[in-house]
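Student: Questions regarding the structure given below will be posed in turn.
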Amino acid sequence: MKKAEQIELVRQASQLISNSKFTVVLTGAGISTASGIPDFRSQGTGLWQKNNPLEVASLTAFQYTPEKFFNWLRPLARDIWQARPNPAHIALAQLEKGGWIKAIITQNIDGLQQAAGAENVIELHGSATTLTCFSCHKSYPFSEFIQAFLMEDDLPRCPNCSGLLKPDIILFEEMLPMGDWSQAQQLCENADLILVIGSSLEVTPASNLPLYALENGAHLIINNYSSTYLDERADILLPLNIIETIPAIAQFLL
């Protein structure tokens, strides 16, 4: 695609957001790959290309083979710990602060959107930044345990009862947090524009969220390299570099 065509698409997307009264953003792994966090499904590099998720990232794995679970988690935790918000995260936070978007619903567990300054963030799949004891249910920042976990291979244990600490991420075999899911669903039902960023819309039930907006007549913008099942219903497709596109939209609007 020629540069002039890219600029025109960004201009059209910016205009659609400008005309919107209630824009909601849905982000997936693609917004964080530029920060050094691998996604889960990309051919050759995705995390599920190397491991069977049910064997390493399920509630059963955490409960019955915790060493295997934490060995899988360790490199991902290292990537998340070292990562910093990229220009797309920062631009979204600026758009939220400027009143152009109402909320950011994310499938990511890295906390980078909040680190960039965004406030109204709904984490559908939980967060890797905190831990909760599986026995006494006390919660702790992962930062208190990260060095020992990464450098000494220690499994995180509760200072209160010595129970194993579970990262507050939604594992296979677990339900999404109902409060966050209900809030995300309501936001999408009220939206007149959904902006999907870095998600192939393959993971249910998150992939159904744009449908709630479309059923109420909302517009749809998708910024993703790969195709999605909703491409034909999108007003604008942006198969462009996310860390260039979202800052460019912010520049148009701000």
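Naming works like this for the structure tokens: A, B, ... for the chains as they're shown, residue 1 at the start of each chain, ligands 1 onward in shown order.
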Could you name the residues that touch segment 134-138 of chain A at 9 Å or less, counting only C-alpha atoms, but leaving out those on the same chain fewer than 2 positions away, as an MDAnalysis selection string?
Tutor: chainID A and resid 131:132 140 158 160:166
Student: For the residues in the current selection, export all heavy atoms as a CSV table (one decimal), in the first residue's frame.
Tutor:
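That gives us again.csv:
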chain,number,residue,atom,x,y,z
A,131,LEU,N,-0.4,-11.4,42.2
A,131,LEU,CA,-0.5,-12.8,42.5
A,131,LEU,C,-1.5,-12.9,43.7
A,131,LEU,O,-1.6,-12.1,44.5
A,131,LEU,CB,0.9,-13.3,43.0
A,131,LEU,CG,2.1,-13.2,42.1
A,131,LEU,CD1,3.4,-13.3,42.9
A,131,LEU,CD2,2.0,-14.3,41.0
A,132,THR,N,-2.2,-14.1,43.7
A,132,THR,CA,-3.1,-14.4,44.8
A,132,THR,C,-2.8,-15.8,45.4
A,132,THR,O,-2.6,-16.7,44.6
A,132,THR,CB,-4.6,-14.2,44.4
A,132,THR,OG1,-4.8,-12.9,43.9
A,132,THR,CG2,-5.5,-14.6,45.5
A,140,TYR,N,-0.7,-10.1,46.4
A,140,TYR,CA,0.6,-9.4,46.4
A,140,TYR,C,1.0,-8.9,45.1
A,140,TYR,O,0.6,-9.5,44.0
A,140,TYR,CB,1.6,-10.4,46.9
A,140,TYR,CG,1.3,-11.0,48.3
A,140,TYR,CD1,0.7,-12.3,48.3
A,140,TYR,CD2,1.7,-10.4,49.5
A,140,TYR,CE1,0.4,-12.9,49.5
A,140,TYR,CE2,1.5,-11.1,50.7
A,140,TYR,CZ,0.8,-12.3,50.7
A,140,TYR,OH,0.5,-12.9,51.9
A,158,CYS,N,3.3,-17.8,49.5
A,158,CYS,CA,2.6,-16.7,50.3
A,158,CYS,C,3.4,-16.5,51.6
A,158,CYS,O,3.7,-17.5,52.3
A,158,CYS,CB,1.2,-17.2,50.6
A,158,CYS,SG,0.3,-16.1,51.7
A,160,ASN,N,2.2,-15.3,54.1
A,160,ASN,CA,1.3,-15.5,55.2
A,160,ASN,C,1.1,-16.9,55.6
A,160,ASN,O,1.1,-17.3,56.8
A,160,ASN,CB,-0.1,-14.9,54.9
A,160,ASN,CG,-1.1,-15.0,55.9
A,160,ASN,OD1,-0.9,-14.5,57.1
A,160,ASN,ND2,-2.2,-15.7,55.6
A,161,CYS,N,1.0,-17.8,54.6
A,161,CYS,CA,0.6,-19.2,54.9
A,161,CYS,C,1.5,-20.2,54.1
A,161,CYS,O,1.3,-21.4,54.3
A,161,CYS,CB,-0.8,-19.5,54.6
A,161,CYS,SG,-1.2,-19.6,52.8
A,162,SER,N,2.5,-19.7,53.3
A,162,SER,CA,3.4,-20.6,52.5
A,162,SER,C,2.6,-21.3,51.4
A,162,SER,O,3.2,-22.2,50.7
A,162,SER,CB,4.1,-21.6,53.4
A,162,SER,OG,4.9,-20.9,54.3
A,163,GLY,N,1.4,-20.9,51.1
A,163,GLY,CA,0.7,-21.5,50.0
A,163,GLY,C,1.3,-21.0,48.7
A,163,GLY,O,1.9,-20.0,48.6
A,164,LEU,N,1.0,-21.7,47.6
A,164,LEU,CA,1.5,-21.3,46.3
A,164,LEU,C,0.7,-20.1,45.8
A,164,LEU,O,-0.5,-20.1,45.9
A,164,LEU,CB,1.4,-22.5,45.3
A,164,LEU,CG,2.3,-22.5,44.1
A,164,LEU,CD1,3.7,-22.5,44.5
A,164,LEU,CD2,2.0,-23.7,43.2
A,165,LEU,N,1.4,-19.2,45.3
A,165,LEU,CA,0.8,-18.0,44.7
A,165,LEU,C,0.5,-18.1,43.2
A,165,LEU,O,1.4,-18.5,42.5
A,165,LEU,CB,1.7,-16.7,44.9
A,165,LEU,CG,2.0,-16.3,46.4
A,165,LEU,CD1,3.0,-15.2,46.4
A,165,LEU,CD2,0.7,-15.9,47.0
A,166,LYS,N,-0.7,-17.8,42.9
A,166,LYS,CA,-1.1,-18.0,41.5
A,166,LYS,C,-1.2,-16.6,40.8
A,166,LYS,O,-1.8,-15.7,41.3
A,166,LYS,CB,-2.5,-18.6,41.3
A,166,LYS,CG,-3.1,-18.7,39.9
A,166,LYS,CD,-4.5,-19.1,39.9
A,166,LYS,CE,-5.1,-19.0,38.5
A,166,LYS,NZ,-5.2,-17.6,38.0
Student: Find the nearest atom pair between each residue of segment 47-118 of chain A and segment 24-33 of chain A for residues within 7 Å, count only C-alpha atoms, give distances in Å to one decimal, sort rows by chain and ascending number, and present the table as CSV.
Tutor:
residue,atom,partner,partner_atom,distance
A:Ala88,CA,A:Ile31,CA,6.9
A:Ile101,CA,A:Val24,CA,5.9
A:Lys102,CA,A:Val24,CA,5.7
A:Ala103,CA,A:Val24,CA,5.3
A:Ile104,CA,A:Val25,CA,4.7
A:Ile105,CA,A:Leu26,CA,4.8
A:Thr106,CA,A:Thr27,CA,4.7
A:Gln107,CA,A:Gly28,CA,5.2
A:Asn108,CA,A:Gly28,CA,6.0
Student: Could the residues in this selection be saved with N, CA and C atoms as a compact mmCIF listing (two decimals), in the first residue's frame?
Tutor:
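Saved file out.txt follows:
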# COMPACT_ATOMS: atom_id res chain seq x y z
N ALA A 88 1.98 3.08 20.64
CA ALA A 88 0.54 2.82 20.50
C ALA A 88 -0.14 2.86 21.86
N ILE A 101 -11.83 8.49 23.49
CA ILE A 101 -12.26 7.11 23.72
C ILE A 101 -12.72 6.96 25.16
N LYS A 102 -13.75 6.13 25.37
CA LYS A 102 -14.36 5.98 26.69
C LYS A 102 -13.67 4.92 27.53
N ALA A 103 -13.21 3.84 26.89
CA ALA A 103 -12.61 2.75 27.64
C ALA A 103 -11.75 1.91 26.72
N ILE A 104 -10.82 1.18 27.33
CA ILE A 104 -9.96 0.25 26.61
C ILE A 104 -10.17 -1.14 27.21
N ILE A 105 -10.73 -2.02 26.43
CA ILE A 105 -10.89 -3.42 26.84
C ILE A 105 -9.70 -4.18 26.27
N THR A 106 -8.99 -4.89 27.10
CA THR A 106 -7.80 -5.57 26.60
C THR A 106 -7.83 -7.06 26.90
N GLN A 107 -7.30 -7.83 25.97
CA GLN A 107 -7.09 -9.26 26.17
C GLN A 107 -5.70 -9.53 26.75
N ASN A 108 -4.91 -8.48 26.91
CA ASN A 108 -3.52 -8.63 27.35
C ASN A 108 -3.42 -8.66 28.87
Student: Quick one: pull the distance between atom CA of Glu123 of chain A and atom CA of Gln12 of chain A, Å, one decimal.
Tutor: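 Those two atoms sit 28.6 Å apart.
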Student: I'd like the interatomic distance between atom CA of Arg78 of chain A and atom CA of Ser35 of chain A, to a tenth of an Å.
Tutor: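 Spanning atom CA of Arg78 of chain A to atom CA of Ser35 of chain A is a straight-line distance of 12.3 Å.
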Student: Find, counting only C-alpha atoms, the residue in A:Arg84, A:Arg233, A:Arg11, A:Lys21 that gets nearest to Asn190 of chain A.
Tutor: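 Smallest separation from Asn190 of chain A among the options: A:Lys21.
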Student: Skip Leu209 of chain A itself and residues of its chain fewer than 5 positions away, then list as a VMD selection string all residues within 8 Å of it, counting only C-alpha atoms.
Tutor: chain A and resid 184 to 185 188
Student: Could you turn the residues from that selection into a file that holds C-alpha atoms, as a PDB file, in the first residue's frame?
Tutor:
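This went into part.pdb:
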ATOM      1  CA  ALA A 184     -17.031  -4.884  28.753  1.00  0.00           C
ATOM      2  CA  GLN A 185     -20.291  -6.161  27.316  1.00  0.00           C
ATOM      3  CA  CYS A 188     -19.781  -2.396  23.695  1.00  0.00           C
TER       4      CYS A 188
END
Student: Can you work out the spacing between atom CA of Met175 of chain A and atom CA of Gly217 of chain A in Å, to one decimal?
Tutor: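 These two atoms are separated by 28.9 Å.
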Student: Please list as a VMD selection string every residue within 8 Å of segment 90-100 of chain A, counting only C-alpha atoms and excluding residues in the same chain fewer than 2 positions away.
Tutor: chain A and resid 17 to 18 22 to 23 85 to 88 102 to 103 113 116 to 119 246 to 247 250 254
Student: Write down as a ChimeraX atom specification the residues of segment 9-239 of chain A whose backbone DSSP state falls under strand (DSSP E or B).
Tutor: /A:23-27,58,103-106,121-123,126-133,139-141,157,164-169,172,193-197,219-223,236-237
Student: Return as a ChimeraX atom specification the full set of residues in segment 53-217 of chain A whose backbone-based DSSP assignment is helix (DSSP H, G or I).
Tutor: /A:53-56,59-64,66-82,87-97,112-115,142-144,146-151,178-190,206-214
